[in-house]
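*Asks:* As input, take data_14.cif (mmCIF, C-alpha atoms (C1' of nucleotides)):
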```cif
data_structure
loop_
_atom_site.group_PDB
_atom_site.id
_atom_site.type_symbol
_atom_site.label_atom_id
_atom_site.label_comp_id
_atom_site.auth_asym_id
_atom_site.auth_seq_id
_atom_site.Cartn_x
_atom_site.Cartn_y
_atom_site.Cartn_z
ATOM 1 C CA MET I 1 -3.789 20.790 5.354
ATOM 2 C CA PRO I 2 -6.144 22.664 3.098
ATOM 3 C CA GLU I 3 -9.548 22.710 4.730
ATOM 4 C CA GLY I 4 -11.133 26.102 5.430
ATOM 5 C CA HIS I 5 -9.188 26.815 8.607
ATOM 6 C CA THR I 6 -5.849 26.698 6.731
ATOM 7 C CA VAL I 7 -7.043 29.111 4.089
ATOM 8 C CA HIS I 8 -8.277 31.623 6.665
ATOM 9 C CA ARG I 9 -4.954 31.399 8.482
ATOM 10 C CA ILE I 10 -3.078 32.100 5.278
ATOM 11 C CA ALA I 11 -5.344 35.059 4.472
ATOM 12 C CA ASN I 12 -4.649 36.455 7.968
ATOM 13 C CA GLU I 13 -0.937 35.971 7.452
ATOM 14 C CA PHE I 14 -1.105 37.708 4.082
ATOM 15 C CA ASN I 15 -2.834 40.701 5.651
ATOM 16 C CA GLU I 16 -0.200 40.927 8.377
ATOM 17 C CA LEU I 17 2.804 40.526 6.108
ATOM 18 C CA PHE I 18 1.671 42.062 2.827
ATOM 19 C CA GLY I 19 -1.493 44.101 3.464
ATOM 20 C CA GLY I 20 -1.250 47.615 1.971
ATOM 21 C CA LYS I 21 2.172 46.939 0.483
ATOM 22 C CA VAL I 22 3.516 46.927 -3.058
ATOM 23 C CA LEU I 23 4.398 43.328 -3.941
ATOM 24 C CA ARG I 24 6.910 41.733 -6.222
ATOM 25 C CA VAL I 25 5.126 38.903 -8.013
ATOM 26 C CA ASP I 26 6.662 36.254 -10.245
ATOM 27 C CA SER I 27 6.022 32.719 -11.399
ATOM 28 C CA PRO I 28 9.258 30.682 -11.330
ATOM 29 C CA GLN I 29 7.400 27.725 -12.826
ATOM 30 C CA GLY I 30 5.917 29.947 -15.524
ATOM 31 C CA ARG I 31 2.386 28.620 -15.287
ATOM 32 C CA PHE I 32 0.907 31.716 -13.659
ATOM 33 C CA THR I 33 1.179 33.872 -16.743
ATOM 34 C CA ASP I 34 -0.551 36.862 -15.126
ATOM 35 C CA ALA I 35 2.292 37.305 -12.637
ATOM 36 C CA ARG I 36 3.771 40.130 -14.716
ATOM 37 C CA MET I 37 0.470 42.021 -14.639
ATOM 38 C CA LEU I 38 0.406 41.882 -10.824
ATOM 39 C CA ASP I 39 4.095 42.627 -10.280
ATOM 40 C CA GLY I 40 4.508 46.017 -8.602
ATOM 41 C CA GLN I 41 0.815 46.308 -7.638
ATOM 42 C CA ARG I 42 -0.354 47.136 -4.128
ATOM 43 C CA LEU I 43 -2.230 44.415 -2.225
ATOM 44 C CA LYS I 44 -5.279 46.009 -0.615
ATOM 45 C CA VAL I 45 -6.498 43.034 1.395
ATOM 46 C CA ALA I 46 -6.628 39.229 1.469
ATOM 47 C CA SER I 47 -9.902 37.454 2.169
ATOM 48 C CA ALA I 48 -11.108 33.874 2.375
ATOM 49 C CA VAL I 49 -14.384 32.059 1.824
ATOM 50 C CA GLY I 50 -14.340 28.341 2.519
ATOM 51 C CA LYS I 51 -11.304 26.834 0.844
ATOM 52 C CA GLN I 52 -10.742 29.749 -1.513
ATOM 53 C CA MET I 53 -8.522 32.766 -0.919
ATOM 54 C CA PHE I 54 -8.781 36.083 -2.703
ATOM 55 C CA LEU I 55 -6.016 38.648 -2.985
ATOM 56 C CA HIS I 56 -7.529 42.026 -3.803
ATOM 57 C CA PHE I 57 -5.194 44.383 -5.677
ATOM 58 C CA GLN I 58 -5.814 47.816 -7.138
ATOM 59 C CA ASP I 59 -7.659 48.305 -10.439
ATOM 60 C CA ASP I 60 -10.191 45.528 -9.778
ATOM 61 C CA LEU I 61 -7.537 42.819 -10.042
ATOM 62 C CA ILE I 62 -8.239 39.859 -7.797
ATOM 63 C CA ILE I 63 -6.265 36.623 -7.574
ATOM 64 C CA ARG I 64 -8.414 33.604 -6.772
ATOM 65 C CA ILE I 65 -6.476 30.712 -5.234
ATOM 66 C CA HIS I 66 -7.759 27.236 -4.428
ATOM 67 C CA LEU I 67 -5.203 24.822 -2.998
ATOM 68 C CA GLY I 68 -6.980 21.574 -3.872
ATOM 69 C CA ILE I 69 -5.482 18.519 -2.195
ATOM 70 C CA TYR I 70 -1.865 19.268 -3.015
ATOM 71 C CA GLY I 71 -1.517 23.015 -2.810
ATOM 72 C CA LYS I 72 0.845 24.454 -0.209
ATOM 73 C CA TRP I 73 2.087 27.832 0.982
ATOM 74 C CA GLN I 74 5.506 28.476 2.441
ATOM 75 C CA PHE I 75 6.575 31.748 4.022
ATOM 76 C CA HIS I 76 10.250 32.654 4.223
ATOM 77 C CA LYS I 77 11.684 35.431 6.360
ATOM 78 C CA GLY I 78 14.873 37.159 5.313
ATOM 79 C CA LEU I 79 16.355 36.915 1.834
ATOM 80 C CA ALA I 80 14.254 35.180 -0.823
ATOM 81 C CA PRO I 81 15.389 31.533 -0.981
ATOM 82 C CA GLU I 82 16.571 29.848 -4.130
ATOM 83 C CA VAL I 83 13.673 28.261 -6.017
ATOM 84 C CA VAL I 84 13.377 24.543 -5.320
ATOM 85 C CA GLY I 85 10.844 22.422 -7.196
ATOM 86 C CA GLN I 86 7.663 23.669 -8.822
ATOM 87 C CA VAL I 87 6.811 27.129 -7.496
ATOM 88 C CA ARG I 88 3.670 28.437 -9.200
ATOM 89 C CA VAL I 89 3.914 31.965 -7.814
ATOM 90 C CA ARG I 90 5.955 34.019 -5.372
ATOM 91 C CA PHE I 91 4.861 37.167 -3.567
ATOM 92 C CA ALA I 92 7.554 39.231 -1.919
ATOM 93 C CA VAL I 93 8.319 42.424 -0.044
ATOM 94 C CA ASP I 94 11.668 43.222 1.526
ATOM 95 C CA GLY I 95 12.334 40.529 4.118
ATOM 96 C CA VAL I 96 9.397 38.224 3.361
ATOM 97 C CA THR I 97 8.602 35.818 0.530
ATOM 98 C CA ALA I 98 5.500 33.646 0.156
ATOM 99 C CA GLU I 99 5.707 30.670 -2.212
ATOM 100 C CA LEU I 100 2.707 28.811 -3.616
ATOM 101 C CA ARG I 101 3.019 25.261 -4.990
ATOM 102 C CA GLY I 102 0.525 22.932 -6.620
ATOM 103 C CA PRO I 103 -2.737 24.875 -6.390
ATOM 104 C CA THR I 104 -5.776 23.630 -8.282
ATOM 105 C CA VAL I 105 -6.674 27.223 -9.129
ATOM 106 C CA CYS I 106 -4.541 30.344 -9.330
ATOM 107 C CA GLU I 107 -6.083 32.929 -11.622
ATOM 108 C CA VAL I 108 -6.835 36.614 -11.985
ATOM 109 C CA ILE I 109 -10.501 37.608 -11.932
ATOM 110 C CA ASP I 110 -12.472 40.862 -11.598
ATOM 111 C CA SER I 111 -15.158 41.796 -9.084
ATOM 112 C CA LYS I 112 -17.945 40.550 -11.352
ATOM 113 C CA ALA I 113 -16.400 37.089 -11.548
ATOM 114 C CA LEU I 114 -15.761 37.247 -7.813
ATOM 115 C CA ALA I 115 -19.472 37.846 -7.200
ATOM 116 C CA GLU I 116 -20.252 34.748 -9.254
ATOM 117 C CA VAL I 117 -17.848 32.676 -7.158
ATOM 118 C CA TYR I 118 -19.451 34.015 -3.955
ATOM 119 C CA ASP I 119 -22.904 33.088 -5.299
ATOM 120 C CA ARG I 120 -21.839 29.493 -5.818
ATOM 121 C CA LEU I 121 -20.350 29.073 -2.363
ATOM 122 C CA GLY I 122 -22.378 28.019 0.631
ATOM 123 C CA PRO I 123 -22.098 29.780 3.997
ATOM 124 C CA ASP I 124 -18.686 29.678 5.657
ATOM 125 C CA PRO I 125 -18.658 28.883 9.395
ATOM 126 C CA LEU I 126 -15.583 31.106 9.701
ATOM 127 C CA ASN I 127 -17.473 34.116 8.324
ATOM 128 C CA PRO I 128 -20.610 33.788 10.453
ATOM 129 C CA ASP I 129 -23.308 36.396 10.103
ATOM 130 C CA PRO I 130 -24.244 37.674 13.590
ATOM 131 C CA ASN I 131 -27.892 37.756 12.546
ATOM 132 C CA GLY I 132 -27.877 34.022 11.865
ATOM 133 C CA ARG I 133 -28.615 34.313 8.161
ATOM 134 C CA GLU I 134 -25.656 32.086 7.287
ATOM 135 C CA PHE I 135 -27.014 29.353 9.507
ATOM 136 C CA GLU I 136 -30.448 29.747 7.894
ATOM 137 C CA ARG I 137 -28.920 29.315 4.434
ATOM 138 C CA PHE I 138 -27.147 26.140 5.554
ATOM 139 C CA ALA I 139 -30.231 24.739 7.302
ATOM 140 C CA SER I 140 -32.507 25.403 4.362
ATOM 141 C CA LYS I 141 -30.176 23.597 1.927
ATOM 142 C CA VAL I 142 -29.852 20.594 4.231
ATOM 143 C CA LYS I 143 -33.578 20.321 4.970
ATOM 144 C CA LYS I 144 -34.475 20.392 1.274
ATOM 145 C CA SER I 145 -32.065 17.621 0.299
ATOM 146 C CA SER I 146 -32.496 13.858 0.204
ATOM 147 C CA THR I 147 -28.698 13.484 -0.121
ATOM 148 C CA PRO I 148 -26.912 11.871 2.838
ATOM 149 C CA ILE I 149 -25.521 14.440 5.286
ATOM 150 C CA GLY I 150 -22.082 12.838 4.855
ATOM 151 C CA LEU I 151 -22.071 14.075 1.263
ATOM 152 C CA LEU I 152 -23.819 17.385 1.953
ATOM 153 C CA LEU I 153 -21.088 18.481 4.363
ATOM 154 C CA MET I 154 -18.510 17.966 1.609
ATOM 155 C CA ASN I 155 -20.509 20.016 -0.883
ATOM 156 C CA GLN I 156 -19.085 23.549 -0.938
ATOM 157 C CA GLU I 157 -22.415 24.915 -2.188
ATOM 158 C CA VAL I 158 -24.055 23.719 1.041
ATOM 159 C CA ILE I 159 -21.357 24.736 3.517
ATOM 160 C CA SER I 160 -17.934 26.001 2.539
ATOM 161 C CA GLY I 161 -14.670 25.122 4.215
ATOM 162 C CA ILE I 162 -15.484 21.612 5.448
ATOM 163 C CA GLY I 163 -13.318 18.797 4.029
ATOM 164 C CA ASN I 164 -12.933 15.088 4.656
ATOM 165 C CA VAL I 165 -11.456 15.371 8.141
ATOM 166 C CA TYR I 166 -13.970 17.835 9.585
ATOM 167 C CA ARG I 167 -16.838 16.018 7.848
ATOM 168 C CA ALA I 168 -16.060 12.793 9.686
ATOM 169 C CA GLU I 169 -15.357 14.457 13.021
ATOM 170 C CA ILE I 170 -18.330 16.830 13.076
ATOM 171 C CA LEU I 171 -20.756 13.980 12.347
ATOM 172 C CA TYR I 172 -19.188 11.846 15.054
ATOM 173 C CA ARG I 173 -19.457 14.647 17.613
ATOM 174 C CA ALA I 174 -23.117 15.127 16.709
ATOM 175 C CA LYS I 175 -23.728 11.341 16.893
ATOM 176 C CA ILE I 176 -25.241 11.422 13.410
ATOM 177 C CA ASN I 177 -24.844 8.557 10.968
ATOM 178 C CA PRO I 178 -23.350 9.922 7.714
ATOM 179 C CA HIS I 179 -25.970 8.072 5.649
ATOM 180 C CA THR I 180 -28.842 10.038 7.192
ATOM 181 C CA LYS I 181 -30.667 12.095 4.572
ATOM 182 C CA GLY I 182 -30.485 15.860 5.066
ATOM 183 C CA SER I 183 -34.279 16.027 5.026
ATOM 184 C CA ASP I 184 -34.490 13.484 7.862
ATOM 185 C CA LEU I 185 -32.439 15.614 10.253
ATOM 186 C CA LYS I 186 -34.127 17.597 12.998
ATOM 187 C CA THR I 187 -33.618 21.360 13.113
ATOM 188 C CA ARG I 188 -31.828 20.884 16.429
ATOM 189 C CA GLN I 189 -29.320 18.511 14.778
ATOM 190 C CA ILE I 190 -28.677 20.866 11.854
ATOM 191 C CA SER I 191 -28.178 23.691 14.295
ATOM 192 C CA GLU I 192 -25.711 21.572 16.249
ATOM 193 C CA LEU I 193 -23.766 20.729 13.072
ATOM 194 C CA TRP I 194 -23.445 24.411 12.208
ATOM 195 C CA ALA I 195 -22.472 25.485 15.724
ATOM 196 C CA ASP I 196 -19.864 22.742 15.949
ATOM 197 C CA SER I 197 -18.447 23.675 12.534
ATOM 198 C CA VAL I 198 -18.017 27.254 13.743
ATOM 199 C CA LYS I 199 -16.311 25.981 16.889
ATOM 200 C CA LEU I 200 -13.993 23.396 15.317
ATOM 201 C CA LEU I 201 -12.892 25.536 12.400
ATOM 202 C CA SER I 202 -12.138 28.412 14.772
ATOM 203 C CA ILE I 203 -9.995 26.096 16.892
ATOM 204 C CA GLY I 204 -8.322 25.017 13.654
ATOM 205 C CA VAL I 205 -7.504 28.624 12.740
ATOM 206 C CA LEU I 206 -6.058 29.134 16.202
ATOM 207 C CA HIS I 207 -3.771 26.084 16.187
ATOM 208 C CA GLY I 208 -3.199 25.492 12.474
ATOM 209 C CA VAL I 209 -4.184 21.829 12.893
ATOM 210 C CA MET I 210 -7.529 20.072 13.077
ATOM 211 C CA ILE I 211 -8.145 19.237 16.729
ATOM 212 C CA THR I 212 -11.614 17.819 17.363
ATOM 213 C CA ARG I 213 -11.407 16.422 20.916
ATOM 214 C CA ASP I 214 -12.465 19.001 23.494
ATOM 215 C CA GLU I 215 -9.859 17.934 26.017
ATOM 216 C CA PHE I 216 -7.121 19.011 23.593
ATOM 217 C CA PHE I 217 -8.579 22.336 22.415
ATOM 218 C CA ASP I 218 -5.887 24.228 24.324
ATOM 219 C CA GLU I 219 -2.925 22.153 23.231
ATOM 220 C CA ASP I 220 -2.186 19.948 20.228
ATOM 221 C CA PRO I 221 -1.694 16.359 21.440
ATOM 222 C CA GLY I 222 -0.114 15.211 18.139
ATOM 223 C CA LYS I 223 -1.786 13.769 15.107
ATOM 224 C CA LEU I 224 -2.539 10.314 16.548
ATOM 225 C CA GLU I 225 -4.640 11.781 19.354
ATOM 226 C CA ARG I 226 -6.310 14.758 17.696
ATOM 227 C CA ASN I 227 -9.391 13.048 16.276
ATOM 228 C CA TRP I 228 -12.248 10.671 17.099
ATOM 229 C CA VAL I 229 -12.638 8.708 13.871
ATOM 230 C CA TYR I 230 -10.550 10.156 11.041
ATOM 231 C CA LYS I 231 -7.937 7.629 9.872
ATOM 232 C CA ARG I 232 -8.815 5.337 12.802
ATOM 233 C CA GLU I 233 -10.483 2.517 10.838
ATOM 234 C CA GLY I 234 -10.282 -0.831 12.632
ATOM 235 C CA GLN I 235 -9.330 0.846 15.926
ATOM 236 C CA THR I 236 -11.763 0.941 18.831
ATOM 237 C CA CYS I 237 -13.995 3.958 19.340
ATOM 238 C CA ARG I 238 -12.696 6.104 22.187
ATOM 239 C CA LYS I 239 -16.212 6.135 23.703
ATOM 240 C CA CYS I 240 -18.140 2.935 22.911
ATOM 241 C CA ARG I 241 -15.221 0.589 22.064
ATOM 242 C CA LYS I 242 -16.817 -0.519 18.770
ATOM 243 C CA LYS I 243 -14.468 -0.661 15.754
ATOM 244 C CA ILE I 244 -14.308 2.491 13.601
ATOM 245 C CA VAL I 245 -15.587 1.815 10.075
ATOM 246 C CA LEU I 246 -14.108 3.020 6.787
ATOM 247 C CA GLU I 247 -16.306 3.206 3.680
ATOM 248 C CA MET I 248 -15.849 4.820 0.305
ATOM 249 C CA ALA I 249 -18.469 7.499 -0.401
ATOM 250 C CA ALA I 250 -18.380 9.414 -3.686
ATOM 251 C CA GLY I 251 -14.760 8.373 -4.113
ATOM 252 C CA ARG I 252 -13.636 9.696 -0.724
ATOM 253 C CA LYS I 253 -12.880 7.895 2.494
ATOM 254 C CA LEU I 254 -15.658 8.154 5.027
ATOM 255 C CA TYR I 255 -14.920 7.268 8.657
ATOM 256 C CA PHE I 256 -17.563 6.765 11.340
ATOM 257 C CA CYS I 257 -18.396 4.801 14.463
ATOM 258 C CA PRO I 258 -21.269 2.327 13.989
ATOM 259 C CA GLY I 259 -21.929 2.371 17.736
ATOM 260 C CA CYS I 260 -22.054 6.109 18.460
ATOM 261 C CA GLN I 261 -23.478 7.129 15.079
ATOM 262 C CA ARG I 262 -26.518 4.919 14.701
ATOM 263 C "C1'" DT X 1 14.044 3.956 -7.380
ATOM 264 C "C1'" DA X 2 9.270 3.099 -8.011
ATOM 265 C "C1'" DC X 3 4.989 3.083 -6.331
ATOM 266 C "C1'" DT X 4 1.013 4.675 -3.462
ATOM 267 C "C1'" DC X 5 -1.553 7.946 -1.251
ATOM 268 C "C1'" DA X 6 -3.664 12.482 0.174
ATOM 269 C "C1'" DT X 7 -7.155 17.388 3.736
ATOM 270 C "C1'" DG X 8 -10.345 18.708 -3.762
ATOM 271 C "C1'" DA X 9 -13.134 19.338 -7.481
ATOM 272 C "C1'" DG X 10 -14.489 19.564 -12.508
ATOM 273 C "C1'" DC X 11 -16.038 16.830 -16.184
ATOM 274 C "C1'" DA X 12 -17.906 12.986 -19.188
ATOM 275 C "C1'" DA X 13 -20.625 9.083 -19.419
ATOM 276 C "C1'" DT A 1 -19.114 6.568 -10.859
ATOM 277 C "C1'" DG A 2 -14.757 6.957 -12.702
ATOM 278 C "C1'" DC A 3 -11.180 9.690 -14.782
ATOM 279 C "C1'" DT A 4 -8.243 13.571 -14.674
ATOM 280 C "C1'" DC A 5 -5.242 17.272 -12.992
ATOM 281 C "C1'" DC A 6 -1.871 19.263 -9.666
ATOM 282 C "C1'" DT A 7 2.694 17.962 -6.031
ATOM 283 C "C1'" DG A 8 5.233 15.959 -2.430
ATOM 284 C "C1'" DA A 9 5.655 12.684 1.481
ATOM 285 C "C1'" DG A 10 5.955 8.154 2.900
ATOM 286 C "C1'" DT A 11 6.898 3.377 2.047
ATOM 287 C "C1'" DA A 12 8.101 -1.004 -0.235
ATOM 288 C "C1'" DG A 13 11.642 -3.400 -2.350
#
```
In structure tokens, how does this file's structure come out?
*Replies:*
Amino acid sequence: MPEGHTVHRIANEFNELFGGKVLRVDSPQGRFTDARMLDGQRLKVASAVGKQMFLHFQDDLIIRIHLGIYGKWQFHKGLAPEVVGQVRVRFAVDGVTAELRGPTVCEVIDSKALAEVYDRLGPDPLNPDPNGREFERFASKVKKSSTPIGLLLMNQEVISGIGNVYRAEILYRAKINPHTKGSDLKTRQISELWADSVKLLSIGVLHGVMITRDEFFDEDPGKLERNWVYKREGQTCRKCRKKIVLEMAAGRKLYFCPGCQR
DNA sequence: TACTCATGAGCAA
DNA sequence: TGCTCCTGAGTAG
């Protein structure tokens, strides 16, 4: 489930399992041609911004990984398993192997290129600045834009880490219609969107799934009960009983409640 | 077995 | 806006 919370979880797991260690790196599929260059290097630290993960090795070697829709990580304890299917890259130490399949991006960059990636990305609710500067960046981009908030939340230059599920759920929780222009939102509403993003993504990191109903923040109720509107088109709203609507917006499915989100 | 769909994003028109 | 790429799960027949 590659929205920002998944990527941060994986980065945490990498730090626990591989941080400070010398890694064996190979590409069974053969498409990650830089695997040989990284093999035998020490991983300093893993970090994440939005949906992108960065593995920082010695000598200014950084692997940038973006899962896209299809990308997946699998961690195996014990002996390295036999390769099944298309494995882009494997990272291993004695007793642990991490396999990456189907990423949109898996490439080696240096710190200069990393800075350029950081510049492009909007603030990440999972890396909040205690001084509130990240919120200010988000608010200023939203206020200046005549684009609907439903599209702005999906734009990684505006806020990074939000995907289709959180987009729909965060707007529902804020009772904001996704077609509302960014510039028409009140500061209070933008502030609420940011605060709720911080909250929901943090819950997501904790559980590993996207739970957006407060009553289930402590325990996952299963995928049919986790959300308010996502994938619930045609079903009745859990609050106002109106039917949840599904529209296509910029090629992606957009779910909302026409009663609660006027 | 074949087809459809998905939590993403870059690019051309 | 539509096409393309990447992979695997679920479903129809």
*Asks:* Find the residues of chain X in contact range of chain I, meaning any atom within 10 Å when counting only C-alpha atoms (C1' of nucleotides), and list them as a PDB file with C-alpha atoms (C1' of nucleotides), in the frame of the given file.
*Replies:*
```
ATOM      1  C1'  DA X   6      -3.664  12.482   0.174  1.00  0.00           C
ATOM      2  C1'  DT X   7      -7.155  17.388   3.736  1.00  0.00           C
ATOM      3  C1'  DG X   8     -10.345  18.708  -3.762  1.00  0.00           C
ATOM      4  C1'  DA X   9     -13.134  19.338  -7.481  1.00  0.00           C
TER       5       DA X   9
END
```
*Asks:* Run the PyMOL selection byres ((chain A and resi 7) around 9) mentally over the shown coordinates, then write out the matched residues as number ranges by chain, using the chain letters and numbers from the document.
*Replies:* I: 70-72, 86, 101-103; A: 6, 8
*Asks:* Would you export the selected residues with C-alpha atoms (C1' of nucleotides) as a CSV table (one decimal), in the frame of the given file, please?
*Replies:*
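The resulting file, result.csv, is reproduced below:
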```csv
chain,number,residue,atom,x,y,z
I,70,TYR,CA,-1.9,19.3,-3.0
I,71,GLY,CA,-1.5,23.0,-2.8
I,72,LYS,CA,0.8,24.5,-0.2
I,86,GLN,CA,7.7,23.7,-8.8
I,101,ARG,CA,3.0,25.3,-5.0
I,102,GLY,CA,0.5,22.9,-6.6
I,103,PRO,CA,-2.7,24.9,-6.4
A,6,DC,C1',-1.9,19.3,-9.7
A,8,DG,C1',5.2,16.0,-2.4
```
*Asks:* Show me the residues close to (-10.7, 6.3, 8.4) - anything with an atom within 7 Å, counting all atoms listed in the file - and format the list as a list in words.
*Replies:*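 Residues with an atom close enough to that point: Val229, Tyr230, Lys231, Arg232, Glu233, Val245, Leu246, Lys253, Leu254 and Tyr255 of chain I.
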*Asks:* Name the residues that the PyMOL selection byres ((chain X and resi 11) around 12) picks from the file above, as an NGL selection string, using the file's chain letters and numbers.
*Replies:* (:X and (9-10 or 12-13)) or (:A and (1-5))
*Asks:* Expanded to explicit residues, what is the PyMOL selection byres ((chain X and resi 4) around 12) for this file, as a list in words?
*Replies:*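 Listing what the PyMOL selection byres ((chain X and resi 4) around 12) selects in the shown file: DA2, DC3, DC5 and DA6 of chain X; DA9, DG10, DT11 and DA12 of chain A.
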*Asks:* Edge lengths and centre in Å to one decimal, as AutoDock Vina command-line options, is what I'm after for the box along x, y and z that holds all listed atoms of chain X once 5 Å is added on each side.
*Replies:*
```
--center_x -3.3 --center_y 11.3 --center_z -7.8 --size_x 44.7 --size_y 26.5 --size_z 33.2
```
*Asks:* If you count all atoms listed in the file, which residues fall within 10 Å of range 215-224 of chain I, apart from same-chain ones fewer than 6 positions away, as a tab-separated table (two decimals) with C-alpha atoms, in the frame of the given file?
*Replies:*
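So the final result, stored in around-v2.tsv, reads:
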```
chain	number	residue	atom	x	y	z
I	200	LEU	CA	-13.99	23.40	15.32
I	203	ILE	CA	-9.99	26.10	16.89
I	204	GLY	CA	-8.32	25.02	13.65
I	206	LEU	CA	-6.06	29.13	16.20
I	207	HIS	CA	-3.77	26.08	16.19
I	208	GLY	CA	-3.20	25.49	12.47
I	209	VAL	CA	-4.18	21.83	12.89
I	230	TYR	CA	-10.55	10.16	11.04
I	231	LYS	CA	-7.94	7.63	9.87
I	232	ARG	CA	-8.82	5.34	12.80
```
*Asks:* Mind checking which residues fall within 12 Å of Gly95 in chain I, counting all atoms listed in the file, ignoring those fewer than 6 positions away in the same chain, and posting them as a list in words?
*Replies:*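 Contacts, with the query itself left out: Leu17, Phe18, Leu23, Arg24, Phe75, His76, Lys77, Gly78, Leu79, Ala80 and Pro81 of chain I.
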*Asks:* Can I get the selection written as a PDB file, keeping the file's coordinate frame, with C-alpha atoms?
*Replies:*
```
ATOM      1  CA  LEU I  17       2.804  40.526   6.108  1.00  0.00           C
ATOM      2  CA  PHE I  18       1.671  42.062   2.827  1.00  0.00           C
ATOM      3  CA  LEU I  23       4.398  43.328  -3.941  1.00  0.00           C
ATOM      4  CA  ARG I  24       6.910  41.733  -6.222  1.00  0.00           C
ATOM      5  CA  PHE I  75       6.575  31.748   4.022  1.00  0.00           C
ATOM      6  CA  HIS I  76      10.250  32.654   4.223  1.00  0.00           C
ATOM      7  CA  LYS I  77      11.684  35.431   6.360  1.00  0.00           C
ATOM      8  CA  GLY I  78      14.873  37.159   5.313  1.00  0.00           C
ATOM      9  CA  LEU I  79      16.355  36.915   1.834  1.00  0.00           C
ATOM     10  CA  ALA I  80      14.254  35.180  -0.823  1.00  0.00           C
ATOM     11  CA  PRO I  81      15.389  31.533  -0.981  1.00  0.00           C
TER      12      PRO I  81
END
```
*Asks:* Quote the spacing between CA of Ala250 in chain I and CA of Pro178 in chain I in Å to one decimal place.
*Replies:* 12.4 Å
*Asks:* Would you output chain X from that structure, restricted to N, CA and C atoms (P, O5', C5', C4', C3', O3' and C1' of nucleotides), as a compact mmCIF listing (two decimals), in the first residue's frame?
*Replies:*
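Saved as out-v6.txt:
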```txt
# COMPACT_ATOMS: atom_id res chain seq x y z
P DT X 1 -2.91 -22.49 -18.04
O5' DT X 1 -3.82 -21.42 -18.79
C5' DT X 1 -4.65 -21.87 -19.86
C4' DT X 1 -5.49 -20.71 -20.31
C3' DT X 1 -4.68 -19.42 -20.57
O3' DT X 1 -5.12 -18.87 -21.80
C1' DT X 1 -6.43 -18.98 -19.03
P DA X 2 -4.40 -17.58 -22.47
O5' DA X 2 -5.48 -16.44 -22.17
C5' DA X 2 -6.83 -16.67 -22.50
C4' DA X 2 -7.65 -15.48 -22.08
C3' DA X 2 -7.00 -14.13 -22.36
O3' DA X 2 -7.99 -13.26 -22.87
C1' DA X 2 -7.46 -14.31 -20.04
P DC X 3 -7.62 -11.81 -23.45
O5' DC X 3 -8.28 -10.89 -22.35
C5' DC X 3 -9.62 -11.14 -21.95
C4' DC X 3 -9.89 -10.45 -20.64
C3' DC X 3 -9.45 -9.00 -20.60
O3' DC X 3 -10.59 -8.19 -20.39
C1' DC X 3 -8.79 -10.14 -18.63
P DT X 4 -10.47 -6.59 -20.40
O5' DT X 4 -10.44 -6.26 -18.84
C5' DT X 4 -11.49 -6.75 -18.01
C4' DT X 4 -11.25 -6.27 -16.59
C3' DT X 4 -10.84 -4.81 -16.51
O3' DT X 4 -11.61 -4.19 -15.48
C1' DT X 4 -9.26 -6.16 -15.39
P DC X 5 -11.65 -2.61 -15.37
O5' DC X 5 -10.88 -2.39 -13.99
C5' DC X 5 -11.21 -3.17 -12.85
C4' DC X 5 -10.06 -3.09 -11.88
C3' DC X 5 -9.48 -1.68 -11.75
O3' DC X 5 -9.80 -1.14 -10.47
C1' DC X 5 -7.77 -3.35 -11.92
P DA X 6 -9.63 0.40 -10.20
O5' DA X 6 -8.31 0.44 -9.30
C5' DA X 6 -8.26 -0.30 -8.08
C4' DA X 6 -6.82 -0.30 -7.61
C3' DA X 6 -6.12 1.03 -7.85
O3' DA X 6 -6.20 1.82 -6.66
C1' DA X 6 -4.76 -0.81 -8.52
P DT X 7 -6.56 3.35 -6.94
O5' DT X 7 -5.47 4.10 -6.06
C5' DT X 7 -5.14 3.54 -4.82
C4' DT X 7 -4.08 4.42 -4.19
C3' DT X 7 -2.73 4.46 -4.90
O3' DT X 7 -1.92 5.47 -4.28
C1' DT X 7 -2.61 3.03 -3.09
P DG X 8 -1.58 6.78 -5.19
O5' DG X 8 -0.56 6.24 -6.29
C5' DG X 8 0.71 5.73 -5.90
C4' DG X 8 1.79 6.36 -6.77
C3' DG X 8 1.60 7.85 -7.00
O3' DG X 8 2.87 8.45 -6.77
C1' DG X 8 1.72 6.71 -9.08
P DA X 9 3.04 10.04 -6.93
O5' DA X 9 3.57 10.21 -8.42
C5' DA X 9 4.82 9.64 -8.75
C4' DA X 9 5.06 9.76 -10.24
C3' DA X 9 4.93 11.20 -10.78
O3' DA X 9 6.01 11.40 -11.64
C1' DA X 9 3.70 9.73 -12.07
P DG X 10 6.63 12.90 -11.83
O5' DG X 10 7.34 12.74 -13.26
C5' DG X 10 8.11 11.59 -13.54
C4' DG X 10 8.01 11.29 -15.02
C3' DG X 10 8.09 12.55 -15.88
O3' DG X 10 9.01 12.33 -16.94
C1' DG X 10 6.12 11.35 -16.40
P DC X 11 9.52 13.54 -17.85
O5' DC X 11 8.62 13.41 -19.15
C5' DC X 11 8.66 12.20 -19.92
C4' DC X 11 7.53 12.22 -20.91
C3' DC X 11 7.43 13.53 -21.70
O3' DC X 11 7.76 13.27 -23.06
C1' DC X 11 5.30 12.75 -20.95
P DA X 12 7.91 14.52 -24.08
O5' DA X 12 6.62 14.30 -24.97
C5' DA X 12 6.31 13.00 -25.47
C4' DA X 12 4.98 13.04 -26.18
C3' DA X 12 4.81 14.22 -27.14
O3' DA X 12 4.12 13.78 -28.30
C1' DA X 12 3.15 14.32 -25.45
P DA X 13 3.92 14.78 -29.55
O5' DA X 13 2.40 15.21 -29.38
C5' DA X 13 1.40 14.21 -29.30
C4' DA X 13 0.07 14.87 -29.03
C3' DA X 13 -0.18 16.14 -29.85
O3' DA X 13 -1.48 16.11 -30.38
C1' DA X 13 -0.47 16.59 -27.55
```
